[in-house]
file start_29.csv (CSV, C-alpha atoms)
chain,number,residue,atom,x,y,z
A,13,VAL,CA,10.6,28.7,-36.5
A,14,ASP,CA,7.2,27.0,-36.4
A,15,HIS,CA,8.9,23.7,-35.5
A,16,ILE,CA,11.3,24.8,-32.7
A,17,SER,CA,9.0,23.3,-30.1
A,18,ALA,CA,9.3,19.9,-32.0
A,19,GLY,CA,13.1,20.0,-31.8
A,20,CYS,CA,14.0,21.7,-35.2
A,21,ARG,CA,17.3,23.4,-34.8
A,22,SER,CA,18.4,23.6,-38.5
A,23,TYR,CA,17.0,22.8,-41.9
A,24,LYS,CA,18.2,21.8,-45.4
A,25,TYR,CA,15.9,22.8,-48.3
A,26,TYR,CA,16.2,21.4,-51.9
A,27,ASP,CA,14.6,23.2,-54.8
A,28,LEU,CA,15.8,22.2,-58.3
A,29,GLY,CA,14.2,20.8,-61.4
A,30,GLY,CA,10.6,20.9,-60.0
A,31,VAL,CA,11.6,18.9,-56.9
A,32,LYS,CA,11.1,20.6,-53.6
A,33,HIS,CA,11.9,19.0,-50.2
A,34,CYS,CA,12.7,20.3,-46.7
A,35,TYR,CA,14.6,18.4,-44.0
A,36,LEU,CA,14.1,19.6,-40.4
A,37,GLN,CA,17.1,18.6,-38.2
A,38,ARG,CA,17.7,18.4,-34.5
A,39,SER,CA,20.7,19.6,-32.6
A,40,PRO,CA,24.0,18.9,-34.3
A,41,PHE,CA,26.0,15.9,-33.1
A,42,SER,CA,29.1,18.2,-33.0
A,43,LEU,CA,30.2,21.5,-34.4
A,44,GLY,CA,32.9,21.8,-36.9
A,45,GLN,CA,34.3,24.0,-39.6
A,46,GLY,CA,33.9,23.3,-43.3
A,47,TYR,CA,32.5,20.0,-44.6
A,48,TRP,CA,33.1,16.8,-42.8
A,49,GLY,CA,35.5,14.6,-44.8
A,50,ALA,CA,36.2,17.1,-47.6
A,51,ALA,CA,39.3,19.2,-48.1
A,52,SER,CA,38.8,22.9,-48.4
A,53,GLY,CA,39.1,24.3,-51.9
A,54,ALA,CA,37.3,24.2,-55.2
A,55,GLY,CA,34.0,22.4,-55.3
A,56,VAL,CA,33.5,22.4,-51.5
A,57,GLY,CA,30.1,23.9,-50.7
A,58,GLU,CA,28.9,24.0,-54.2
A,59,TRP,CA,25.5,22.1,-53.9
A,60,PRO,CA,23.1,23.4,-56.6
A,61,GLY,CA,19.5,23.6,-55.4
A,62,TRP,CA,20.3,23.3,-51.7
A,63,THR,CA,19.8,26.0,-49.0
A,64,SER,CA,20.4,25.5,-45.3
A,65,GLY,CA,20.2,27.5,-42.1
A,66,THR,CA,18.9,27.7,-38.6
A,67,PRO,CA,16.0,29.6,-37.0
A,68,GLY,CA,18.7,31.8,-35.3
A,69,LEU,CA,18.6,33.0,-31.7
A,70,ARG,CA,15.1,32.6,-30.4
A,71,LEU,CA,13.8,33.0,-26.8
A,72,THR,CA,10.9,30.6,-26.2
A,73,SER,CA,10.1,30.7,-22.5
A,74,PHE,CA,11.4,31.2,-19.0
A,75,SER,CA,11.0,29.3,-15.8
A,76,THR,CA,11.9,29.8,-12.1
A,77,THR,CA,13.2,27.6,-9.3
A,78,PRO,CA,11.3,27.3,-7.2
A,79,ALA,CA,8.3,27.3,-9.6
A,80,MET,CA,6.3,29.6,-7.3
A,81,VAL,CA,8.2,32.9,-6.6
A,82,VAL,CA,7.6,34.2,-3.0
A,83,ALA,CA,8.1,37.9,-2.3
A,84,GLY,CA,11.5,38.5,-0.6
A,85,HIS,CA,12.8,34.9,-1.2
A,86,PRO,CA,15.6,34.1,-3.6
A,87,PHE,CA,14.8,32.3,-6.9
A,88,ASP,CA,16.7,31.3,-10.0
A,89,LEU,CA,15.5,32.4,-13.4
A,90,THR,CA,16.1,30.3,-16.5
A,91,VAL,CA,15.6,31.7,-20.0
A,92,HIS,CA,14.9,29.0,-22.6
A,93,GLY,CA,15.4,29.1,-26.4
A,94,VAL,CA,17.6,28.1,-29.2
A,95,ALA,CA,21.0,29.1,-30.6
A,96,PHE,CA,22.3,30.7,-27.4
A,97,PRO,CA,26.0,31.6,-27.5
A,98,PHE,CA,27.7,28.5,-26.1
A,99,ASP,CA,30.6,26.3,-27.1
A,100,GLU,CA,31.9,23.1,-25.5
A,101,ASP,CA,35.4,24.4,-25.9
A,102,PRO,CA,35.9,26.9,-23.0
A,103,ALA,CA,38.2,29.0,-25.1
A,104,MET,CA,35.4,29.6,-27.6
A,105,ASP,CA,32.5,29.8,-25.2
A,106,THR,CA,30.8,33.2,-25.0
A,107,SER,CA,27.8,32.2,-22.8
A,108,LYS,CA,29.1,34.1,-19.8
A,109,ARG,CA,28.6,37.4,-21.8
A,110,GLN,CA,24.8,36.9,-21.8
A,111,ARG,CA,22.7,39.1,-19.5
A,112,MET,CA,19.0,39.4,-18.6
A,113,LYS,CA,16.9,42.1,-17.0
A,114,ILE,CA,13.6,42.3,-15.2
A,115,VAL,CA,11.5,45.5,-15.9
A,116,ARG,CA,7.9,46.4,-15.3
A,117,ALA,CA,5.3,45.2,-17.8
A,118,GLY,CA,5.2,47.6,-20.7
A,119,GLN,CA,8.6,49.2,-20.1
A,120,ALA,CA,11.4,49.2,-22.6
A,121,CYS,CA,14.5,47.2,-21.9
A,122,THR,CA,16.3,50.5,-21.4
A,123,ALA,CA,14.3,51.3,-18.2
A,124,GLN,CA,15.7,51.1,-14.7
A,125,VAL,CA,15.3,47.8,-12.8
A,126,PRO,CA,12.4,48.3,-10.3
A,127,LYS,CA,13.5,48.9,-6.8
A,128,GLU,CA,11.6,45.8,-5.7
A,129,VAL,CA,14.0,43.6,-7.7
A,130,SER,CA,17.4,42.6,-6.3
A,131,GLY,CA,20.1,40.3,-7.7
A,132,ILE,CA,20.3,42.4,-10.9
A,133,GLY,CA,22.3,45.5,-11.4
A,134,CYS,CA,22.3,47.8,-14.4
A,135,SER,CA,24.5,50.8,-15.0
A,136,LYS,CA,23.0,54.2,-15.6
A,137,THR,CA,24.3,55.5,-18.9
A,138,THR,CA,23.6,58.6,-21.0
A,139,ARG,CA,22.9,57.5,-24.6
A,140,LYS,CA,23.8,60.2,-27.2
A,141,VAL,CA,22.3,60.0,-30.7
A,142,GLN,CA,23.0,62.5,-33.4
A,143,ALA,CA,19.7,63.6,-35.0
A,144,LEU,CA,19.5,64.5,-38.7
A,145,MET,CA,16.8,66.6,-40.2
A,146,ASP,CA,16.3,67.4,-43.9
A,147,GLY,CA,19.7,65.9,-44.7
A,148,GLY,CA,21.7,68.0,-42.2
A,149,PHE,CA,22.8,67.8,-38.7
A,150,TYR,CA,20.2,68.9,-36.2
A,151,GLY,CA,21.8,68.2,-32.9
A,152,THR,CA,22.3,65.5,-30.3
A,153,ARG,CA,19.5,63.7,-28.6
A,154,GLU,CA,20.3,62.4,-25.1
A,155,SER,CA,18.5,59.8,-23.0
A,156,THR,CA,19.2,58.0,-19.8
A,157,VAL,CA,19.3,54.2,-20.2
A,158,TYR,CA,20.1,51.2,-18.0
A,159,THR,CA,21.6,48.7,-20.3
A,160,ILE,CA,24.9,47.3,-19.0
A,161,CYS,CA,23.7,44.7,-16.5
A,162,SER,CA,24.9,41.9,-14.3
A,163,PRO,CA,25.1,39.1,-13.2
A,164,ARG,CA,26.2,36.7,-15.9
A,165,PRO,CA,24.6,33.3,-16.0
A,166,SER,CA,25.6,30.7,-13.5
A,167,ALA,CA,24.9,27.9,-16.0
A,168,ALA,CA,24.3,27.9,-19.7
A,169,THR,CA,23.9,25.6,-22.8
A,170,ARG,CA,22.8,26.3,-26.4
A,171,GLU,CA,19.2,26.1,-25.2
A,172,HIS,CA,19.1,27.9,-21.8
A,173,ALA,CA,20.8,30.4,-19.5
A,174,THR,CA,20.2,30.4,-15.7
A,175,PHE,CA,20.6,33.4,-13.5
A,176,MET,CA,20.8,32.7,-9.7
A,177,GLY,CA,19.9,34.7,-6.7
A,178,MET,CA,17.0,37.0,-7.9
A,179,ARG,CA,14.6,38.5,-5.4
A,180,VAL,CA,11.4,40.4,-5.8
A,181,SER,CA,10.0,42.2,-2.7
A,182,SER,CA,6.4,43.3,-2.3
A,183,ALA,CA,5.8,46.9,-3.3
call {"tool": "encode", "arguments": {"input": "start_29.csv", "output": "structure tokens"}}
result
Amino acid sequence: VDHISAGCRSYKYYDLGGVKHCYLQRSPFSLGQGYWGAASGAGVGEWPGWTSGTPGLRLTSFSTTPAMVVAGHPFDLTVHGVAFPFDEDPAMDTSKRQRMKIVRAGQACTAQVPKEVSGIGCSKTTRKVQALMDGGFYGTRESTVYTICSPRPSAATREHATFMGMRVSSA
């Protein structure tokens, strides 16, 4: 995670017989299933001492176009990070399921979008949670949340999602 800004997107770590070494890797040249050049079955994936993985989905920053947002004027918002849901194969691509939301500083993501913000819509929903007390059912706690939002991104990759047509008016 500390090396995301330097391009690290995955790692391989070796720890066996007193030897320890970590390889930090950039974006994959392609995605595939299994091990390249090896048939599935016994022995595939058995690499004593090796561990590998990714930093997982991480949001690193955001930017706007234009860079200076002017009250009442449209802007595009781009969220940057790593491991966003994206696939070159349109049949496997889930990037259009991503959503974002603008809320006031200090508010939870379940809060309503401020009236000064347009270009984002979130449905009002009643969230019901069963409450347990001393091992038994206590009742149902209800709260109003605004969590099913639109629009979907207009453009996306594994490292960004752009949402177009946002506006923030002056209060």
call {"tool": "atom_distance", "arguments": {"input": "start_29.csv", "atom1": "atom CA of Thr66 of chain A", "atom2": "atom CA of Arg38 of chain A"}}
result
10.2 Å
call {"tool": "atom_distance", "arguments": {"input": "start_29.csv", "atom1": "atom CA of Pro67 of chain A", "atom2": "atom CA of Val13 of chain A"}}
result
5.5 Å
call {"tool": "closest_residue", "arguments": {"input": "start_29.csv", "among": "A:Leu144, A:Leu71, A:Cys134, A:Val157", "to": "Ala120 of chain A", "atoms": "only C-alpha atoms"}}
result
A:Val157
call {"tool": "closest_residue", "arguments": {"input": "start_29.csv", "among": "A:Thr63, A:Ser17, A:Ser155, A:Thr72", "to": "Thr122 of chain A", "atoms": "all atoms listed in the file"}}
result
A:Ser155
call {"tool": "closest_residue", "arguments": {"input": "start_29.csv", "among": "A:Trp62, A:Gly93, A:Ala117, A:His15", "to": "Val31 of chain A", "atoms": "all atoms listed in the file"}}
result
A:Trp62
call {"tool": "closest_residue", "arguments": {"input": "start_29.csv", "among": "A:Ala173, A:Gly131, A:Arg179, A:Arg109", "to": "Ile160 of chain A", "atoms": "all atoms listed in the file"}}
result
A:Arg109
call {"tool": "residues_near_point", "arguments": {"input": "start_29.csv", "point": "(24.8, 60.2, -28.8)", "cutoff": "7 Å", "atoms": "all atoms listed in the file", "output": "PyMOL selection string"}}
result
chain A and resi 139-142+152-154
call {"tool": "closest_residue", "arguments": {"input": "start_29.csv", "among": "A:Cys161, A:Leu89, A:Ala168, A:Val115", "to": "Glu128 of chain A", "atoms": "all atoms listed in the file"}}
result
A:Val115
call {"tool": "closest_residue", "arguments": {"input": "start_29.csv", "among": "A:Phe96, A:Ser166, A:Thr156, A:Ala143", "to": "Gln124 of chain A", "atoms": "all atoms listed in the file"}}
result
A:Thr156
call {"tool": "atom_distance", "arguments": {"input": "start_29.csv", "atom1": "atom CA of Gln110 of chain A", "atom2": "atom CA of Ser182 of chain A"}}
result
27.6 Å
call {"tool": "residues_around", "arguments": {"input": "start_29.csv", "residues": "Pro165 of chain A", "least_positions_apart": "6", "cutoff": "12 Å", "atoms": "all atoms listed in the file", "output": "list in words"}}
result
Asp88, Leu89, Thr90, Val91, Phe96, Pro97, Phe98, Thr106, Ser107, Lys108, Arg109, Gln110, Arg111, Met112, Lys113, Gly131, Ile132, His172, Ala173, Thr174, Phe175, Met176, Gly177 and Met178 of chain A
call {"tool": "residues_near_point", "arguments": {"input": "start_29.csv", "point": "(10.8, 29.9, -16.9)", "cutoff": "9 Å", "atoms": "only C-alpha atoms", "output": "PyMOL selection string"}}
result
chain A and resi 73-77+79+89-92
